[in-house]
file input_11.tsv (TSV, C-alpha atoms)
chain	number	residue	atom	x	y	z
S	1	MET	CA	-11.03	9.47	-44.58
S	2	SER	CA	-13.29	12.32	-43.57
S	3	GLY	CA	-12.96	14.24	-40.32
S	4	LYS	CA	-16.32	12.89	-39.07
S	5	VAL	CA	-15.15	9.29	-39.31
S	6	ILE	CA	-11.93	10.07	-37.47
S	7	GLY	CA	-13.86	12.04	-34.82
S	8	ILE	CA	-16.36	9.21	-34.29
S	9	PHE	CA	-13.52	6.67	-34.09
S	10	LEU	CA	-11.70	8.77	-31.47
S	11	LEU	CA	-14.92	9.20	-29.48
S	12	ILE	CA	-15.56	5.45	-29.48
S	13	VAL	CA	-11.99	4.74	-28.38
S	14	ALA	CA	-12.30	7.33	-25.58
S	15	VAL	CA	-15.57	5.85	-24.32
S	16	ILE	CA	-14.18	2.31	-24.35
S	17	GLY	CA	-10.98	3.47	-22.64
S	18	GLY	CA	-12.94	5.37	-19.98
S	19	ALA	CA	-15.21	2.41	-19.30
S	20	ALA	CA	-12.20	0.08	-19.04
S	21	MET	CA	-10.43	2.44	-16.62
S	22	TYR	CA	-13.57	2.69	-14.45
S	23	TRP	CA	-13.96	-1.10	-14.38
S	24	LEU	CA	-10.29	-1.60	-13.52
S	25	GLN	CA	-10.45	0.89	-10.61
S	26	VAL	CA	-13.75	-0.27	-9.12
S	27	TYR	CA	-13.99	-3.98	-9.85
S	28	ALA	CA	-10.95	-5.64	-11.40
S	29	PHE	CA	-8.39	-5.66	-8.61
S	30	TYR	CA	-10.64	-6.07	-5.56
S	31	GLU	CA	-11.49	-9.47	-4.25
S	32	ARG	CA	-13.46	-10.63	-1.26
S	33	VAL	CA	-11.36	-11.96	1.59
S	34	ASP	CA	-12.78	-14.85	3.59
S	35	ASP	CA	-10.05	-15.40	6.16
S	36	VAL	CA	-9.17	-12.13	7.89
S	37	ALA	CA	-7.08	-12.15	11.08
S	38	LEU	CA	-8.30	-9.08	12.95
S	39	THR	CA	-6.31	-7.82	15.90
S	40	VAL	CA	-6.39	-4.82	18.20
S	41	THR	CA	-3.20	-3.40	19.67
S	42	GLN	CA	-3.23	-2.97	23.42
S	43	GLY	CA	-0.15	-1.71	25.22
S	44	GLY	CA	1.85	-2.10	22.02
S	45	GLU	CA	0.94	-5.78	21.59
S	46	ALA	CA	-1.46	-7.01	18.89
S	47	ARG	CA	-4.12	-9.28	20.35
S	48	PRO	CA	-6.71	-11.32	18.45
S	49	LEU	CA	-10.06	-9.60	18.11
S	50	ALA	CA	-13.25	-11.63	18.48
S	51	ALA	CA	-15.23	-10.43	15.49
S	52	THR	CA	-18.40	-11.78	13.90
S	53	GLY	CA	-20.06	-11.18	10.56
S	54	VAL	CA	-16.79	-10.23	8.91
S	55	GLN	CA	-17.02	-8.95	5.34
S	56	ALA	CA	-13.72	-7.86	3.83
S	57	ILE	CA	-12.15	-6.87	0.53
S	58	ASP	CA	-8.54	-6.36	-0.48
S	59	ALA	CA	-6.46	-5.88	-3.60
S	60	SER	CA	-2.89	-6.86	-4.35
S	61	SER	CA	-2.49	-3.70	-6.44
S	62	SER	CA	-2.22	-1.42	-3.38
S	63	PRO	CA	-1.60	-1.97	0.33
S	64	ILE	CA	-4.26	0.59	1.29
S	65	ARG	CA	-7.21	-1.04	-0.49
S	66	PHE	CA	-8.16	-3.26	2.46
S	67	ARG	CA	-11.63	-2.63	3.96
S	68	ALA	CA	-13.64	-4.70	6.43
S	69	CYS	CA	-16.99	-4.52	8.19
S	70	PHE	CA	-17.71	-6.65	11.25
S	71	GLU	CA	-19.20	-6.68	14.73
S	72	VAL	CA	-17.61	-6.94	18.16
S	73	ASP	CA	-19.21	-7.77	21.49
S	74	GLY	CA	-18.85	-5.41	24.42
S	75	THR	CA	-16.38	-2.61	24.71
S	76	LEU	CA	-13.05	-2.69	22.98
S	77	ALA	CA	-9.87	-1.79	24.80
S	78	GLY	CA	-6.98	-0.80	22.63
S	79	ASP	CA	-4.42	1.84	21.79
S	80	PRO	CA	-6.21	4.90	20.37
S	81	TYR	CA	-5.37	5.81	16.78
S	82	PRO	CA	-5.05	9.57	16.27
S	83	ASP	CA	-5.95	11.06	12.88
S	84	ALA	CA	-7.83	7.98	11.71
S	85	THR	CA	-9.10	8.71	8.22
S	86	PRO	CA	-11.22	6.01	6.58
S	87	LEU	CA	-10.69	5.72	2.86
S	88	ASN	CA	-13.52	5.27	0.36
S	89	ALA	CA	-14.51	1.77	-0.64
S	90	PRO	CA	-15.98	0.83	-4.01
S	91	GLY	CA	-19.72	1.46	-4.17
S	92	TRP	CA	-20.52	-2.24	-4.45
S	93	PHE	CA	-18.99	-2.85	-0.99
S	94	ASP	CA	-21.93	-1.11	0.61
S	95	CYS	CA	-21.34	-2.02	4.28
S	96	PHE	CA	-18.39	0.42	4.39
S	97	ASP	CA	-19.34	4.12	4.27
S	98	ALA	CA	-16.12	6.10	4.73
S	99	ALA	CA	-17.90	9.46	5.05
S	100	ALA	CA	-20.24	8.23	7.81
S	101	ILE	CA	-17.37	6.52	9.66
S	102	GLY	CA	-15.23	9.67	9.38
S	103	ASP	CA	-18.09	11.85	10.66
S	104	ALA	CA	-18.66	9.49	13.61
S	105	LEU	CA	-14.95	9.56	14.47
S	106	ALA	CA	-14.90	13.37	14.29
S	107	SER	CA	-17.96	13.71	16.53
S	108	GLY	CA	-16.79	11.10	19.04
S	109	ALA	CA	-19.67	8.73	18.20
S	110	ALA	CA	-17.06	6.11	17.23
S	111	GLN	CA	-13.56	5.42	18.49
S	112	ALA	CA	-10.51	4.52	16.41
S	113	TYR	CA	-7.91	2.00	17.56
S	114	LEU	CA	-4.68	0.66	16.16
S	115	GLY	CA	-5.47	-2.78	14.81
S	116	GLN	CA	-1.92	-3.60	13.80
S	117	PHE	CA	1.16	-1.43	13.37
S	118	ASN	CA	3.01	-2.00	10.11
S	119	VAL	CA	0.70	-4.72	8.83
S	120	ILE	CA	2.79	-4.00	5.74
S	121	TYR	CA	5.77	-1.68	6.23
S	122	GLY	CA	4.48	1.89	6.54
S	123	ILE	CA	0.83	0.81	6.62
S	124	ASP	CA	-1.30	0.42	9.76
S	125	ARG	CA	-4.58	-1.44	10.08
S	126	VAL	CA	-7.04	0.90	11.79
S	127	ILE	CA	-10.27	-0.18	13.48
S	128	ALA	CA	-13.24	2.10	14.18
S	129	VAL	CA	-15.81	0.87	16.70
S	130	PHE	CA	-19.31	2.20	17.34
S	131	PRO	CA	-21.05	1.80	20.73
S	132	ASP	CA	-23.57	-0.65	19.21
S	133	GLY	CA	-20.75	-3.05	18.28
S	134	ARG	CA	-20.47	-2.22	14.58
S	135	ALA	CA	-16.84	-2.02	13.59
S	136	PHE	CA	-14.85	-1.21	10.49
S	137	ALA	CA	-11.23	-1.64	9.48
S	138	TRP	CA	-9.01	-0.16	6.79
S	139	HIS	CA	-5.34	0.33	6.03
S	140	GLN	CA	-3.79	3.77	6.45
S	141	ILE	CA	-0.28	5.08	5.77
S	142	ASN	CA	1.53	5.76	9.05
S	143	ALA	CA	4.23	8.34	9.86
S	144	CYS	CA	7.01	5.87	8.98
S	145	GLY	CA	5.46	5.16	5.58
S	146	GLU	CA	4.82	8.83	4.79
S	147	GLU	CA	8.51	9.61	5.10
S	148	VAL	CA	9.97	6.47	3.52
S	149	PHE	CA	7.50	6.43	0.60
S	150	ASP	CA	8.53	10.03	-0.16
S	151	GLY	CA	12.17	8.91	-0.39
S	152	ARG	CA	13.31	10.25	2.98
S	153	PRO	CA	14.90	8.21	5.77
S	154	ALA	CA	12.62	6.60	8.34
S	155	PRO	CA	11.92	8.92	11.27
S	156	GLU	CA	13.20	8.20	14.77
S	157	GLY	CA	11.28	5.39	16.41
S	158	CYS	CA	10.42	3.66	13.12
S	159	PRO	CA	11.82	0.28	12.21
S	160	PRO	CA	14.28	0.30	9.33
S	161	ALA	CA	12.64	0.23	5.93
S	162	PRO	CA	12.90	-3.06	4.06
S	163	ALA	CA	15.28	-3.14	1.11
S	164	GLY	CA	13.74	-1.58	-1.96
S	165	GLU	CA	11.45	0.86	-0.11

call {"tool": "encode", "arguments": {"input": "input_11.tsv", "output": "structure tokens"}}
result
Amino acid sequence: MSGKVIGIFLLIVAVIGGAAMYWLQVYAFYERVDDVALTVTQGGEARPLAATGVQAIDASSSPIRFRACFEVDGTLAGDPYPDATPLNAPGWFDCFDAAAIGDALASGAAQAYLGQFNVIYGIDRVIAVFPDGRAFAWHQINACGEEVFDGRPAPEGCPPAPAGE
């Protein structure tokens, strides 16, 4: 076999592998979620959130792949969420723009609230609300998760990690 044939074969395999990896990351594991129970934590207690126009995606491959876009009426009262950092969503889920949400949170044009503490151990659901009622939710690793996922004991004030964490 000549070197050109081997080179072309390797190039074709690399292109197919790259395309498959892209598809797996952006499309394969995400699925639309129809029934999302949104809450906002107020005084340490999660309360149901009246949301309309909910669009949400999630993936079983990672606990931080959840994203949602929705609307709320009026002002939202809840426990503030410091250091809220929205994570990027796949491009096809175009209602969720992590950069714009992050900029609005940094400038004070939007407020972040704790939606639910430990929705999955070490993962919080965070909600960002704009004054016009637009709201967004995502999952973010909390202080308990950061320590336990790195193999250290749970910090003071955190619930004990489930077996296997």

call {"tool": "closest_atom_pairs", "arguments": {"input": "input_11.tsv", "of": "segment 65-115 of chain S", "to": "segment 31-40 of chain S", "cutoff": "12 Å", "atoms": "only C-alpha atoms", "output": "JSON lines"}}
result
{"residue": "S:Arg65", "atom": "CA", "partner": "S:Glu31", "partner_atom": "CA", "distance": 10.2}
{"residue": "S:Phe66", "atom": "CA", "partner": "S:Val33", "partner_atom": "CA", "distance": 9.3}
{"residue": "S:Arg67", "atom": "CA", "partner": "S:Val33", "partner_atom": "CA", "distance": 9.6}
{"residue": "S:Ala68", "atom": "CA", "partner": "S:Val36", "partner_atom": "CA", "distance": 8.8}
{"residue": "S:Cys69", "atom": "CA", "partner": "S:Leu38", "partner_atom": "CA", "distance": 10.9}
{"residue": "S:Phe70", "atom": "CA", "partner": "S:Leu38", "partner_atom": "CA", "distance": 9.9}
{"residue": "S:Glu71", "atom": "CA", "partner": "S:Leu38", "partner_atom": "CA", "distance": 11.3}
{"residue": "S:Val72", "atom": "CA", "partner": "S:Leu38", "partner_atom": "CA", "distance": 10.9}
{"residue": "S:Leu76", "atom": "CA", "partner": "S:Val40", "partner_atom": "CA", "distance": 8.5}
{"residue": "S:Ala77", "atom": "CA", "partner": "S:Val40", "partner_atom": "CA", "distance": 8.1}
{"residue": "S:Gly78", "atom": "CA", "partner": "S:Val40", "partner_atom": "CA", "distance": 6.0}
{"residue": "S:Asp79", "atom": "CA", "partner": "S:Val40", "partner_atom": "CA", "distance": 7.8}
{"residue": "S:Pro80", "atom": "CA", "partner": "S:Val40", "partner_atom": "CA", "distance": 10.0}
{"residue": "S:Tyr81", "atom": "CA", "partner": "S:Val40", "partner_atom": "CA", "distance": 10.8}
{"residue": "S:Pro90", "atom": "CA", "partner": "S:Glu31", "partner_atom": "CA", "distance": 11.2}
{"residue": "S:Trp92", "atom": "CA", "partner": "S:Arg32", "partner_atom": "CA", "distance": 11.4}
{"residue": "S:Phe93", "atom": "CA", "partner": "S:Arg32", "partner_atom": "CA", "distance": 9.5}
{"residue": "S:Ala112", "atom": "CA", "partner": "S:Val40", "partner_atom": "CA", "distance": 10.4}
{"residue": "S:Tyr113", "atom": "CA", "partner": "S:Val40", "partner_atom": "CA", "distance": 7.0}
{"residue": "S:Leu114", "atom": "CA", "partner": "S:Val40", "partner_atom": "CA", "distance": 6.1}
{"residue": "S:Gly115", "atom": "CA", "partner": "S:Val40", "partner_atom": "CA", "distance": 4.1}

call {"tool": "closest_residue", "arguments": {"input": "input_11.tsv", "among": "S:Trp138, S:Asn118, S:Asp58, S:Cys144", "to": "Thr85 of chain S", "atoms": "only C-alpha atoms"}}
result
S:Trp138

call {"tool": "closest_residue", "arguments": {"input": "input_11.tsv", "among": "S:Asn142, S:Gln25, S:Thr75, S:Ser61", "to": "Ala89 of chain S", "atoms": "all atoms listed in the file"}}
result
S:Gln25

call {"tool": "closest_residue", "arguments": {"input": "input_11.tsv", "among": "S:Ile16, S:Ile120, S:Ile64, S:Val54", "to": "Arg134 of chain S", "atoms": "all atoms listed in the file"}}
result
S:Val54

call {"tool": "closest_residue", "arguments": {"input": "input_11.tsv", "among": "S:Val5, S:Ala106, S:Ala135, S:Ile123", "to": "Thr52 of chain S", "atoms": "all atoms listed in the file"}}
result
S:Ala135

call {"tool": "closest_residue", "arguments": {"input": "input_11.tsv", "among": "S:Pro159, S:Pro82, S:Gly108, S:Pro63", "to": "Tyr30 of chain S", "atoms": "only C-alpha atoms"}}
result
S:Pro63

call {"tool": "atom_distance", "arguments": {"input": "input_11.tsv", "atom1": "atom CA of Ile101 of chain S", "atom2": "atom CA of Phe136 of chain S"}}
result
8.2 Å

call {"tool": "residues_around", "arguments": {"input": "input_11.tsv", "residues": "Ala154 of chain S", "least_positions_apart": "5", "cutoff": "10 Å", "atoms": "only C-alpha atoms", "output": "PDB file with C-alpha atoms, in the coordinates of the input"}}
result
ATOM      1  CA  GLY S 122       4.480   1.890   6.540  1.00  0.00           C
ATOM      2  CA  ALA S 143       4.230   8.340   9.860  1.00  0.00           C
ATOM      3  CA  CYS S 144       7.010   5.870   8.980  1.00  0.00           C
ATOM      4  CA  GLY S 145       5.460   5.160   5.580  1.00  0.00           C
ATOM      5  CA  GLU S 146       4.820   8.830   4.790  1.00  0.00           C
ATOM      6  CA  GLU S 147       8.510   9.610   5.100  1.00  0.00           C
ATOM      7  CA  VAL S 148       9.970   6.470   3.520  1.00  0.00           C
ATOM      8  CA  PHE S 149       7.500   6.430   0.600  1.00  0.00           C
ATOM      9  CA  PRO S 159      11.820   0.280  12.210  1.00  0.00           C
ATOM     10  CA  PRO S 160      14.280   0.300   9.330  1.00  0.00           C
ATOM     11  CA  ALA S 161      12.640   0.230   5.930  1.00  0.00           C
TER      12      ALA S 161
END

call {"tool": "atom_distance", "arguments": {"input": "input_11.tsv", "atom1": "atom CA of Val119 of chain S", "atom2": "atom CA of Gly157 of chain S"}}
result
16.5 Å

call {"tool": "atom_distance", "arguments": {"input": "input_11.tsv", "atom1": "atom CA of Ala128 of chain S", "atom2": "atom CA of Asp103 of chain S"}}
result
11.4 Å

call {"tool": "decode", "arguments": {"input": "input_11.tsv", "residues": "segment 4-131 of chain S", "atoms": "C-alpha atoms", "output": "PDB file, in the first residue's frame"}}
result
ATOM      1  CA  LYS S   4      -0.933   8.315  -0.120  1.00  0.00           C
ATOM      2  CA  VAL S   5      -3.579   5.642   0.363  1.00  0.00           C
ATOM      3  CA  ILE S   6      -2.746   5.276   4.043  1.00  0.00           C
ATOM      4  CA  GLY S   7      -2.731   9.074   4.470  1.00  0.00           C
ATOM      5  CA  ILE S   8      -6.119   9.449   2.756  1.00  0.00           C
ATOM      6  CA  PHE S   9      -7.548   6.605   4.851  1.00  0.00           C
ATOM      7  CA  LEU S  10      -6.316   8.232   8.077  1.00  0.00           C
ATOM      8  CA  LEU S  11      -7.726  11.601   6.997  1.00  0.00           C
ATOM      9  CA  ILE S  12     -11.136  10.076   6.265  1.00  0.00           C
ATOM     10  CA  VAL S  13     -11.165   8.279   9.623  1.00  0.00           C
ATOM     11  CA  ALA S  14     -10.207  11.528  11.407  1.00  0.00           C
ATOM     12  CA  VAL S  15     -12.971  13.507   9.683  1.00  0.00           C
ATOM     13  CA  ILE S  16     -15.588  10.855  10.470  1.00  0.00           C
ATOM     14  CA  GLY S  17     -14.376  10.619  14.074  1.00  0.00           C
ATOM     15  CA  GLY S  18     -14.435  14.408  14.482  1.00  0.00           C
ATOM     16  CA  ALA S  19     -17.931  14.673  13.020  1.00  0.00           C
ATOM     17  CA  ALA S  20     -19.154  11.868  15.297  1.00  0.00           C
ATOM     18  CA  MET S  21     -17.632  13.528  18.376  1.00  0.00           C
ATOM     19  CA  TYR S  22     -19.250  16.867  17.464  1.00  0.00           C
ATOM     20  CA  TRP S  23     -22.650  15.220  16.966  1.00  0.00           C
ATOM     21  CA  LEU S  24     -22.363  13.328  20.253  1.00  0.00           C
ATOM     22  CA  GLN S  25     -21.495  16.508  22.216  1.00  0.00           C
ATOM     23  CA  VAL S  26     -24.081  18.807  20.635  1.00  0.00           C
ATOM     24  CA  TYR S  27     -27.035  16.601  19.729  1.00  0.00           C
ATOM     25  CA  ALA S  28     -26.918  12.990  20.881  1.00  0.00           C
ATOM     26  CA  PHE S  29     -27.359  13.209  24.636  1.00  0.00           C
ATOM     27  CA  TYR S  30     -29.649  16.238  24.924  1.00  0.00           C
ATOM     28  CA  GLU S  31     -33.372  15.825  24.922  1.00  0.00           C
ATOM     29  CA  ARG S  32     -36.204  18.281  25.337  1.00  0.00           C
ATOM     30  CA  VAL S  33     -37.928  18.128  28.698  1.00  0.00           C
ATOM     31  CA  ASP S  34     -41.673  18.753  28.759  1.00  0.00           C
ATOM     32  CA  ASP S  35     -42.421  18.466  32.461  1.00  0.00           C
ATOM     33  CA  VAL S  36     -40.085  20.684  34.481  1.00  0.00           C
ATOM     34  CA  ALA S  37     -40.832  21.428  38.137  1.00  0.00           C
ATOM     35  CA  LEU S  38     -39.347  24.880  38.660  1.00  0.00           C
ATOM     36  CA  THR S  39     -38.921  26.180  42.180  1.00  0.00           C
ATOM     37  CA  VAL S  40     -37.337  29.190  43.836  1.00  0.00           C
ATOM     38  CA  THR S  41     -35.798  28.932  47.287  1.00  0.00           C
ATOM     39  CA  GLN S  42     -37.020  31.514  49.756  1.00  0.00           C
ATOM     40  CA  GLY S  43     -35.796  31.450  53.337  1.00  0.00           C
ATOM     41  CA  GLY S  44     -34.199  28.069  52.712  1.00  0.00           C
ATOM     42  CA  GLU S  45     -37.438  26.470  51.494  1.00  0.00           C
ATOM     43  CA  ALA S  46     -38.056  25.578  47.838  1.00  0.00           C
ATOM     44  CA  ARG S  47     -41.401  26.919  46.653  1.00  0.00           C
ATOM     45  CA  PRO S  48     -43.118  26.225  43.323  1.00  0.00           C
ATOM     46  CA  LEU S  49     -42.478  28.873  40.700  1.00  0.00           C
ATOM     47  CA  ALA S  50     -45.308  29.970  38.418  1.00  0.00           C
ATOM     48  CA  ALA S  51     -43.595  29.882  35.043  1.00  0.00           C
ATOM     49  CA  THR S  52     -45.022  30.087  31.534  1.00  0.00           C
ATOM     50  CA  GLY S  53     -43.583  29.293  28.131  1.00  0.00           C
ATOM     51  CA  VAL S  54     -41.114  26.803  29.557  1.00  0.00           C
ATOM     52  CA  GLN S  55     -38.585  25.359  27.123  1.00  0.00           C
ATOM     53  CA  ALA S  56     -36.037  23.015  28.677  1.00  0.00           C
ATOM     54  CA  ILE S  57     -33.346  20.526  27.742  1.00  0.00           C
ATOM     55  CA  ASP S  58     -31.424  18.014  29.824  1.00  0.00           C
ATOM     56  CA  ALA S  59     -29.092  15.077  29.368  1.00  0.00           C
ATOM     57  CA  SER S  60     -28.573  12.000  31.484  1.00  0.00           C
ATOM     58  CA  SER S  61     -24.864  12.052  30.617  1.00  0.00           C
ATOM     59  CA  SER S  62     -24.114  14.964  32.984  1.00  0.00           C
ATOM     60  CA  PRO S  63     -25.965  16.638  35.862  1.00  0.00           C
ATOM     61  CA  ILE S  64     -24.954  20.119  34.664  1.00  0.00           C
ATOM     62  CA  ARG S  65     -26.463  19.927  31.171  1.00  0.00           C
ATOM     63  CA  PHE S  66     -29.893  21.200  32.248  1.00  0.00           C
ATOM     64  CA  ARG S  67     -30.994  24.518  30.672  1.00  0.00           C
ATOM     65  CA  ALA S  68     -34.399  26.200  30.660  1.00  0.00           C
ATOM     66  CA  CYS S  69     -35.970  29.374  29.311  1.00  0.00           C
ATOM     67  CA  PHE S  70     -39.292  30.630  30.648  1.00  0.00           C
ATOM     68  CA  GLU S  71     -41.224  33.670  31.816  1.00  0.00           C
ATOM     69  CA  VAL S  72     -42.419  34.739  35.250  1.00  0.00           C
ATOM     70  CA  ASP S  73     -45.009  37.342  36.189  1.00  0.00           C
ATOM     71  CA  GLY S  74     -44.104  40.160  38.540  1.00  0.00           C
ATOM     72  CA  THR S  75     -41.097  40.302  40.766  1.00  0.00           C
ATOM     73  CA  LEU S  76     -39.466  37.210  42.123  1.00  0.00           C
ATOM     74  CA  ALA S  77     -38.529  36.907  45.765  1.00  0.00           C
ATOM     75  CA  GLY S  78     -35.923  34.343  46.575  1.00  0.00           C
ATOM     76  CA  ASP S  79     -32.552  33.647  48.122  1.00  0.00           C
ATOM     77  CA  PRO S  80     -29.845  35.375  46.042  1.00  0.00           C
ATOM     78  CA  TYR S  81     -27.308  33.098  44.375  1.00  0.00           C
ATOM     79  CA  PRO S  82     -23.777  34.504  44.524  1.00  0.00           C
ATOM     80  CA  ASP S  83     -21.336  33.673  41.728  1.00  0.00           C
ATOM     81  CA  ALA S  84     -24.036  32.497  39.338  1.00  0.00           C
ATOM     82  CA  THR S  85     -22.315  31.440  36.133  1.00  0.00           C
ATOM     83  CA  PRO S  86     -24.559  30.306  33.287  1.00  0.00           C
ATOM     84  CA  LEU S  87     -23.084  27.511  31.218  1.00  0.00           C
ATOM     85  CA  ASN S  88     -23.247  27.405  27.414  1.00  0.00           C
ATOM     86  CA  ALA S  89     -26.125  25.589  25.786  1.00  0.00           C
ATOM     87  CA  PRO S  90     -25.947  23.876  22.405  1.00  0.00           C
ATOM     88  CA  GLY S  91     -26.435  26.316  19.539  1.00  0.00           C
ATOM     89  CA  TRP S  92     -29.723  24.735  18.497  1.00  0.00           C
ATOM     90  CA  PHE S  93     -31.254  25.678  21.887  1.00  0.00           C
ATOM     91  CA  ASP S  94     -31.298  29.309  20.851  1.00  0.00           C
ATOM     92  CA  CYS S  95     -33.444  30.782  23.645  1.00  0.00           C
ATOM     93  CA  PHE S  96     -30.532  30.343  26.099  1.00  0.00           C
ATOM     94  CA  ASP S  97     -27.585  32.717  25.554  1.00  0.00           C
ATOM     95  CA  ALA S  98     -25.138  32.098  28.405  1.00  0.00           C
ATOM     96  CA  ALA S  99     -22.905  35.058  27.501  1.00  0.00           C
ATOM     97  CA  ALA S 100     -25.812  37.541  27.479  1.00  0.00           C
ATOM     98  CA  ILE S 101     -27.220  36.131  30.735  1.00  0.00           C
ATOM     99  CA  GLY S 102     -23.772  36.288  32.361  1.00  0.00           C
ATOM    100  CA  ASP S 103     -23.275  39.891  31.211  1.00  0.00           C
ATOM    101  CA  ALA S 104     -26.706  40.871  32.560  1.00  0.00           C
ATOM    102  CA  LEU S 105     -25.924  39.248  35.915  1.00  0.00           C
ATOM    103  CA  ALA S 106     -22.557  41.036  36.093  1.00  0.00           C
ATOM    104  CA  SER S 107     -24.108  44.426  35.298  1.00  0.00           C
ATOM    105  CA  GLY S 108     -27.065  43.976  37.645  1.00  0.00           C
ATOM    106  CA  ALA S 109     -29.586  43.951  34.778  1.00  0.00           C
ATOM    107  CA  ALA S 110     -30.662  40.467  35.920  1.00  0.00           C
ATOM    108  CA  GLN S 111     -30.767  38.828  39.331  1.00  0.00           C
ATOM    109  CA  ALA S 112     -29.771  35.262  40.191  1.00  0.00           C
ATOM    110  CA  TYR S 113     -31.655  33.156  42.720  1.00  0.00           C
ATOM    111  CA  LEU S 114     -31.277  29.688  44.139  1.00  0.00           C
ATOM    112  CA  GLY S 115     -33.887  27.557  42.429  1.00  0.00           C
ATOM    113  CA  GLN S 116     -33.129  24.404  44.371  1.00  0.00           C
ATOM    114  CA  PHE S 117     -30.177  23.418  46.544  1.00  0.00           C
ATOM    115  CA  ASN S 118     -28.753  19.995  45.745  1.00  0.00           C
ATOM    116  CA  VAL S 119     -31.231  19.180  42.993  1.00  0.00           C
ATOM    117  CA  ILE S 120     -28.696  16.379  42.578  1.00  0.00           C
ATOM    118  CA  TYR S 121     -26.038  16.100  45.292  1.00  0.00           C
ATOM    119  CA  GLY S 122     -23.483  18.874  44.761  1.00  0.00           C
ATOM    120  CA  ILE S 123     -25.510  20.538  41.999  1.00  0.00           C
ATOM    121  CA  ASP S 124     -27.796  23.557  42.450  1.00  0.00           C
ATOM    122  CA  ARG S 125     -30.482  24.764  40.078  1.00  0.00           C
ATOM    123  CA  VAL S 126     -29.913  28.474  39.510  1.00  0.00           C
ATOM    124  CA  ILE S 127     -32.501  30.898  38.130  1.00  0.00           C
ATOM    125  CA  ALA S 128     -31.712  34.259  36.510  1.00  0.00           C
ATOM    126  CA  VAL S 129     -34.574  36.726  36.161  1.00  0.00           C
ATOM    127  CA  PHE S 130     -34.728  39.878  34.042  1.00  0.00           C
ATOM    128  CA  PRO S 131     -37.004  42.825  34.943  1.00  0.00           C
TER     129      PRO S 131
END
